[in-house]
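First the structure, in the form of structure tokens, and then the observations on it.
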Amino acid sequence: MVETQLRLRRIKNPGVLAAMGEVPRELFVPPDRQAQAYADSPLPIGFGQTISQPYVVALMVEQLRCDGDCRVLDVGAGSGYQTAVLARLVCWVYAAERIPELTGRAEETLAVMGVNNVTFATRDGSLGWPEEAPFDCIICGAAAPDVPPAWIEQLADGGRIVAPVGGPATQMVLVLEKNGEKISRRQVCGVRFVKLVGAQGFQRD
């Protein structure tokens, strides 16, 4: 996976490549999907949600440019796979997931792996996690109509948000950087994610 899906697509960050190679992706997919765990595609994990394509996870985490001192908010944690990758790269991960069954499953998987620098919560991730703000980085595994204002408010100065933004069908991975009063945005690539449901995301179907 690392050699054929990531390096060949110009994922270059050594830490990201190492983390993607170390996290056992098969632990984060349903038993009947384990043979496909390293496929170059997203996979269903139940409750209408998916585990993202490995390349997209690597791309978005690389765009965060996070380091060992960073505190990261991971919105839409889902299976916990991206959370586990982040946990190998940063100081602490705050993982928000709105579906309690997925929160519990992800928490159990990371506990089995011995990961001890993640805090999980079942909550509306579109509103961020104000009790733990500010965050050095915010990343989202679901698509919002736009970057939620709550995230920008909870982002530390010099921080970065990486998230898919757009309509229900297709979106664009967006990198937002906050420097004082200046907010810059940069588009990375087109993607297709499940919807971020919440007060500052999409409404429920």
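Identifiers in the structure tokens: chain A, B, ... in order shown; residue index from 1 per chain; ligand index from 1 in order shown.
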
Residues of region 14-114 of chain A classed as strand (DSSP E or B) by DSSP on the backbone are to be reported as a count of residues only.
18

Might you pull out every residue within 8 Å of Ala133 (chain A), with only C-alpha atoms counted and same-chain residues fewer than 2 positions away left off, and present them as a PyMOL selection string?
chain A and resi 129-131+135+154-156

If we count only C-alpha atoms and set the cut-off at 10 Å, which residues sit around Arg123 (chain A), ignoring sequence neighbours fewer than 4 positions away in its own chain? Please answer as a PyMOL selection string.
chain A and resi 75-76+95-100+103+127-129+198

Extract, using only C-alpha atoms, all DNA, RNA and protein residues at most 10 Å from Gly46 (chain A), discarding same-chain residues fewer than 4 positions from it, and format them as a short mmCIF file (atom, residue, chain, number, x, y, z; two decimals) with C-alpha atoms, in the first residue's frame.
data_model
loop_
_atom_site.label_atom_id
_atom_site.label_comp_id
_atom_site.auth_asym_id
_atom_site.auth_seq_id
_atom_site.Cartn_x
_atom_site.Cartn_y
_atom_site.Cartn_z
CA VAL A 29 -12.84 -2.65 8.84
CA PRO A 30 -15.65 -5.17 9.38
CA THR A 50 -16.93 4.60 5.38
CA ILE A 51 -13.24 4.27 6.10
CA GLY A 78 -15.54 6.91 12.22
CA SER A 79 -13.52 3.70 12.38
CA GLU A 101 -21.46 2.71 18.24
CA LEU A 102 -18.57 3.88 16.04
#

Which is closest to Met172 (chain A) among A:Glu26, A:Met60, A:Arg88, A:Asp157, if we use only C-alpha atoms?
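Between A:Glu26, A:Met60, A:Arg88, A:Asp157, the residue approaching Met172 (chain A) most closely is A:Met60.
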
Which residue gives the smallest distance to Arg10 (chain A) among A:Tyr55, A:Phe47, A:Phe202, A:Trp151, with only C-alpha atoms counted?
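For Arg10 (chain A), the nearest of the candidates is A:Tyr55.
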
From the options A:Ala84, A:Val72, A:Val16, A:Val90, which residue's atoms come nearest to Gly114 (chain A), counting only C-alpha atoms?
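Of all the options, A:Ala84 lies closest to Gly114 (chain A).
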
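When only C-alpha atoms are used to compute distances to Lys178 (chain A), the closest of the residues A:Gly190, A:Gly48, A:Gly166, A:Gly158 turns out to be A:Gly158.
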
Which one is closest to Asp69 (chain A): A:Cys137, A:Val188, A:Leu110, A:Val194? Count only C-alpha atoms.
A:Cys137

Hey, what does DSSP flag as helix (DSSP H, G or I) within region 38-130 of chain A? Can you give it to me as an MDAnalysis selection string?
chainID A and resid 54:64 81:87 100:113 125:127 130

For Ala163 (chain A): contacts at 6 Å, only C-alpha atoms, fewer than 6 positions along chain excluded, given as a list in words
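With the cut-off at 6 Å, the set is Ile139, Cys140, Val173 and Leu174 of chain A.
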
Expected file contents, prior selection, N, CA and C atoms, as a short mmCIF file (atom, residue, chain, number, x, y, z; two decimals), in the first residue's frame:
data_model
loop_
_atom_site.label_atom_id
_atom_site.label_comp_id
_atom_site.auth_asym_id
_atom_site.auth_seq_id
_atom_site.Cartn_x
_atom_site.Cartn_y
_atom_site.Cartn_z
N ILE A 139 -8.80 18.30 11.42
CA ILE A 139 -8.98 17.52 10.21
C ILE A 139 -10.35 16.86 10.28
N CYS A 140 -10.97 16.67 9.14
CA CYS A 140 -12.33 16.10 9.13
C CYS A 140 -12.45 14.99 8.09
N VAL A 173 -10.99 18.99 -1.26
CA VAL A 173 -10.18 19.07 -0.04
C VAL A 173 -9.63 20.49 0.05
N LEU A 174 -9.91 21.14 1.15
CA LEU A 174 -9.52 22.52 1.37
C LEU A 174 -8.53 22.60 2.53
#
